[in-house]
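Asks: Got my_file05.cif for you, mmCIF, N, CA and C atoms:
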data_final
#
loop_
_atom_site.label_atom_id
_atom_site.label_comp_id
_atom_site.auth_asym_id
_atom_site.auth_seq_id
_atom_site.Cartn_x
_atom_site.Cartn_y
_atom_site.Cartn_z
N MET A 17 0.84 -1.17 0.00
CA MET A 17 0.00 0.00 0.00
C MET A 17 0.89 1.23 0.00
N THR A 18 0.53 2.22 -0.76
CA THR A 18 1.28 3.46 -0.86
C THR A 18 0.38 4.63 -0.51
N ILE A 19 0.91 5.55 0.27
CA ILE A 19 0.17 6.77 0.62
C ILE A 19 1.05 7.95 0.24
N ASP A 20 0.51 8.83 -0.56
CA ASP A 20 1.23 10.04 -0.94
C ASP A 20 0.91 11.12 0.07
N LEU A 21 1.95 11.69 0.67
CA LEU A 21 1.79 12.73 1.66
C LEU A 21 2.51 13.99 1.22
N THR A 22 1.92 15.12 1.54
CA THR A 22 2.62 16.38 1.33
C THR A 22 3.68 16.48 2.43
N GLN A 23 4.61 17.40 2.26
CA GLN A 23 5.65 17.56 3.29
C GLN A 23 5.04 17.93 4.65
N PRO A 24 4.08 18.86 4.72
CA PRO A 24 3.47 19.16 6.03
C PRO A 24 2.75 17.95 6.64
N GLU A 25 2.10 17.15 5.81
CA GLU A 25 1.44 15.94 6.31
C GLU A 25 2.47 14.95 6.84
N PHE A 26 3.55 14.80 6.10
CA PHE A 26 4.63 13.89 6.51
C PHE A 26 5.20 14.31 7.86
N ILE A 27 5.48 15.59 8.00
CA ILE A 27 6.04 16.12 9.25
C ILE A 27 5.06 15.93 10.40
N ALA A 28 3.78 16.21 10.16
CA ALA A 28 2.76 16.05 11.21
C ALA A 28 2.66 14.59 11.64
N LEU A 29 2.64 13.68 10.68
CA LEU A 29 2.55 12.26 11.01
C LEU A 29 3.77 11.80 11.80
N LYS A 30 4.94 12.25 11.41
CA LYS A 30 6.16 11.89 12.13
C LYS A 30 6.12 12.41 13.57
N GLN A 31 5.64 13.63 13.76
CA GLN A 31 5.54 14.20 15.10
C GLN A 31 4.52 13.44 15.95
N ILE A 32 3.42 13.07 15.35
CA ILE A 32 2.39 12.30 16.07
C ILE A 32 2.98 10.98 16.56
N LEU A 33 3.69 10.29 15.68
CA LEU A 33 4.29 9.01 16.06
C LEU A 33 5.36 9.19 17.13
N GLU A 34 6.18 10.22 16.99
CA GLU A 34 7.22 10.49 17.99
C GLU A 34 6.62 10.79 19.36
N ASN A 35 5.49 11.48 19.38
CA ASN A 35 4.83 11.80 20.64
C ASN A 35 4.11 10.60 21.24
N LYS A 36 3.67 9.69 20.40
CA LYS A 36 2.92 8.53 20.87
C LYS A 36 3.81 7.53 21.60
N ILE A 37 5.06 7.40 21.18
CA ILE A 37 5.97 6.41 21.78
C ILE A 37 6.15 6.64 23.27
N PRO A 38 6.50 7.84 23.72
CA PRO A 38 6.64 8.04 25.18
C PRO A 38 5.32 7.83 25.93
N ALA A 39 4.21 8.21 25.31
CA ALA A 39 2.91 8.01 25.95
C ALA A 39 2.62 6.52 26.15
N LEU A 40 2.94 5.71 25.15
CA LEU A 40 2.74 4.27 25.27
C LEU A 40 3.67 3.66 26.31
N LEU A 41 4.92 4.10 26.33
CA LEU A 41 5.87 3.61 27.33
C LEU A 41 5.41 3.96 28.74
N ASN A 42 4.90 5.16 28.92
CA ASN A 42 4.38 5.58 30.22
C ASN A 42 3.18 4.72 30.63
N GLU A 43 2.29 4.50 29.69
CA GLU A 43 1.11 3.67 29.98
C GLU A 43 1.54 2.24 30.33
N LEU A 44 2.52 1.72 29.60
CA LEU A 44 3.04 0.38 29.90
C LEU A 44 3.59 0.30 31.32
N ALA A 45 4.28 1.33 31.73
CA ALA A 45 4.88 1.34 33.06
C ALA A 45 3.85 1.41 34.18
N HIS A 46 2.63 1.85 33.84
CA HIS A 46 1.63 2.06 34.87
C HIS A 46 0.43 1.11 34.80
N THR A 47 0.55 0.04 34.05
CA THR A 47 -0.56 -0.90 33.98
C THR A 47 -0.14 -2.26 34.51
N ASP A 48 -1.07 -2.90 35.18
CA ASP A 48 -0.85 -4.25 35.69
C ASP A 48 -1.69 -5.28 34.94
N ASP A 49 -2.63 -4.81 34.14
CA ASP A 49 -3.52 -5.70 33.40
C ASP A 49 -2.74 -6.36 32.25
N ARG A 50 -2.62 -7.67 32.32
CA ARG A 50 -1.77 -8.40 31.36
C ARG A 50 -2.25 -8.25 29.92
N SER A 51 -3.55 -8.35 29.68
CA SER A 51 -4.03 -8.26 28.30
C SER A 51 -3.86 -6.84 27.75
N TYR A 52 -4.10 -5.84 28.60
CA TYR A 52 -3.90 -4.45 28.17
C TYR A 52 -2.43 -4.19 27.92
N ARG A 53 -1.58 -4.77 28.74
CA ARG A 53 -0.13 -4.63 28.58
C ARG A 53 0.33 -5.20 27.24
N GLU A 54 -0.20 -6.36 26.88
CA GLU A 54 0.15 -6.97 25.59
C GLU A 54 -0.33 -6.09 24.43
N TYR A 55 -1.53 -5.55 24.58
CA TYR A 55 -2.06 -4.64 23.56
C TYR A 55 -1.13 -3.43 23.40
N LEU A 56 -0.70 -2.86 24.52
CA LEU A 56 0.20 -1.70 24.47
C LEU A 56 1.53 -2.06 23.83
N LYS A 57 2.06 -3.24 24.13
CA LYS A 57 3.33 -3.67 23.52
C LYS A 57 3.18 -3.81 22.01
N GLU A 58 2.08 -4.40 21.58
CA GLU A 58 1.84 -4.57 20.14
C GLU A 58 1.69 -3.21 19.46
N THR A 59 0.94 -2.32 20.10
CA THR A 59 0.74 -0.98 19.55
C THR A 59 2.06 -0.22 19.48
N LEU A 60 2.86 -0.32 20.54
CA LEU A 60 4.17 0.32 20.55
C LEU A 60 5.03 -0.21 19.40
N GLY A 61 5.04 -1.50 19.20
CA GLY A 61 5.80 -2.09 18.10
C GLY A 61 5.35 -1.56 16.75
N THR A 62 4.05 -1.46 16.57
CA THR A 62 3.51 -0.94 15.31
C THR A 62 3.91 0.52 15.10
N VAL A 63 3.79 1.33 16.15
CA VAL A 63 4.15 2.74 16.05
C VAL A 63 5.64 2.89 15.75
N GLU A 64 6.47 2.08 16.39
CA GLU A 64 7.91 2.15 16.13
C GLU A 64 8.23 1.72 14.69
N GLN A 65 7.53 0.72 14.18
CA GLN A 65 7.74 0.30 12.80
C GLN A 65 7.33 1.39 11.82
N LEU A 66 6.20 2.04 12.09
CA LEU A 66 5.76 3.13 11.22
C LEU A 66 6.76 4.27 11.23
N LYS A 67 7.26 4.62 12.40
CA LYS A 67 8.25 5.69 12.51
C LYS A 67 9.52 5.32 11.75
N ALA A 68 9.95 4.08 11.87
CA ALA A 68 11.14 3.62 11.16
C ALA A 68 10.94 3.71 9.64
N LYS A 69 9.75 3.37 9.18
CA LYS A 69 9.46 3.47 7.74
C LYS A 69 9.49 4.92 7.28
N LEU A 70 8.94 5.81 8.10
CA LEU A 70 8.98 7.23 7.74
C LEU A 70 10.41 7.74 7.73
N ASP A 71 11.19 7.34 8.72
CA ASP A 71 12.60 7.76 8.77
C ASP A 71 13.35 7.24 7.54
N ALA A 72 13.10 5.99 7.16
CA ALA A 72 13.76 5.41 5.98
C ALA A 72 13.33 6.14 4.72
N SER A 73 12.06 6.48 4.64
CA SER A 73 11.55 7.20 3.48
C SER A 73 12.20 8.58 3.38
N LEU A 74 12.33 9.23 4.52
CA LEU A 74 12.96 10.55 4.53
C LEU A 74 14.41 10.47 4.10
N THR A 75 15.12 9.48 4.60
CA THR A 75 16.53 9.29 4.23
C THR A 75 16.64 8.99 2.74
N GLN A 76 15.74 8.15 2.25
CA GLN A 76 15.75 7.78 0.84
C GLN A 76 15.49 9.02 -0.04
N ASP A 77 14.53 9.85 0.38
CA ASP A 77 14.21 11.05 -0.38
C ASP A 77 15.37 12.05 -0.39
N LEU A 78 16.10 12.11 0.72
CA LEU A 78 17.23 13.04 0.79
C LEU A 78 18.36 12.62 -0.14
N HIS A 79 18.49 11.31 -0.38
CA HIS A 79 19.58 10.79 -1.20
C HIS A 79 19.16 10.53 -2.65
N ALA A 80 17.90 10.78 -2.97
CA ALA A 80 17.40 10.55 -4.33
C ALA A 80 17.90 11.68 -5.24
N PRO A 81 18.24 11.32 -6.49
CA PRO A 81 18.66 12.37 -7.42
C PRO A 81 17.51 13.32 -7.72
N ALA A 82 17.82 14.58 -7.88
CA ALA A 82 16.78 15.60 -8.11
C ALA A 82 16.34 15.64 -9.56
#
Have the structure of the file written as structure tokens, please.
Replies:
Amino acid sequence: MTIDLTQPEFIALKQILENKIPALLNELAHTDDRSYREYLKETLGTVEQLKAKLDASLTQDLHAPA
């Protein structure tokens, strides 16, 4: 699947993901419910993967010929 984003959309999405990671880590640290904890771990993994893809895309775009 491919999503075309404008630069402002890309930046906003990256900021949202960067802000979500600490929030998820904080929630993980404060929950004792095992099923909710697993959900948070899975969500954290997904958010980190998305951020990594955005970072890779940004790096790729910076090194692409103009």
Asks: My list of candidates is A:Pro24, A:Lys30, A:Met17, A:Lys36. Which is closest to A:Asp71 when distances are computed with only N, CA and C atoms?
Replies: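 Of A:Pro24, A:Lys30, A:Met17, A:Lys36, the one nearest A:Asp71 is A:Lys30, counting only N, CA and C atoms.
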Asks: Need to verify the contact set: A:Glu64, 7 Å, only N, CA and C atoms, exclusion of same-chain residues closer than 5 positions in sequence. Can you return it as a list of chain:residue names?
Replies: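 Final neighbour list, sorted by chain and number: A:Ile37, A:Thr59, A:Lys69.
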Asks: Rounded to one decimal place, report the atom N of A:Leu29-atom C of A:Thr62 distance in Å.
Replies: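 A separation of 13.9 Å between them.
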Asks: For the PyMOL selection byres (((chain A and resi 73 and name CA) around 12) and name CA), applied here, can you spell out every residue it catches as a list in words?
Replies: Thr18, Ile19, Asp20, Leu21, Gln23, Phe26, Ile27, Lys30, Leu66, Lys67, Ala68, Lys69, Leu70, Asp71, Ala72, Leu74, Thr75, Gln76, Asp77, Leu78, His79 and Ala80 of chain A
Asks: So the first atom is atom CA of A:Leu56 and the second is atom CA of A:Leu44; what is the distance between them in Å, to one decimal place?
Replies: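 Between atom CA of A:Leu56 and atom CA of A:Leu44 the gap is 6.5 Å.
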Asks: Kindly give the distance, in Å, that separates atom CA of A:Gly61 and atom C of A:Asn42, rounded to a single decimal.
Replies: 14.5 Å
Asks: Give me, as a VMD selection string, the residues of chain A that a backbone DSSP run labels helix (DSSP H, G or I).
Replies: chain A and resid 23 to 45 50 to 79
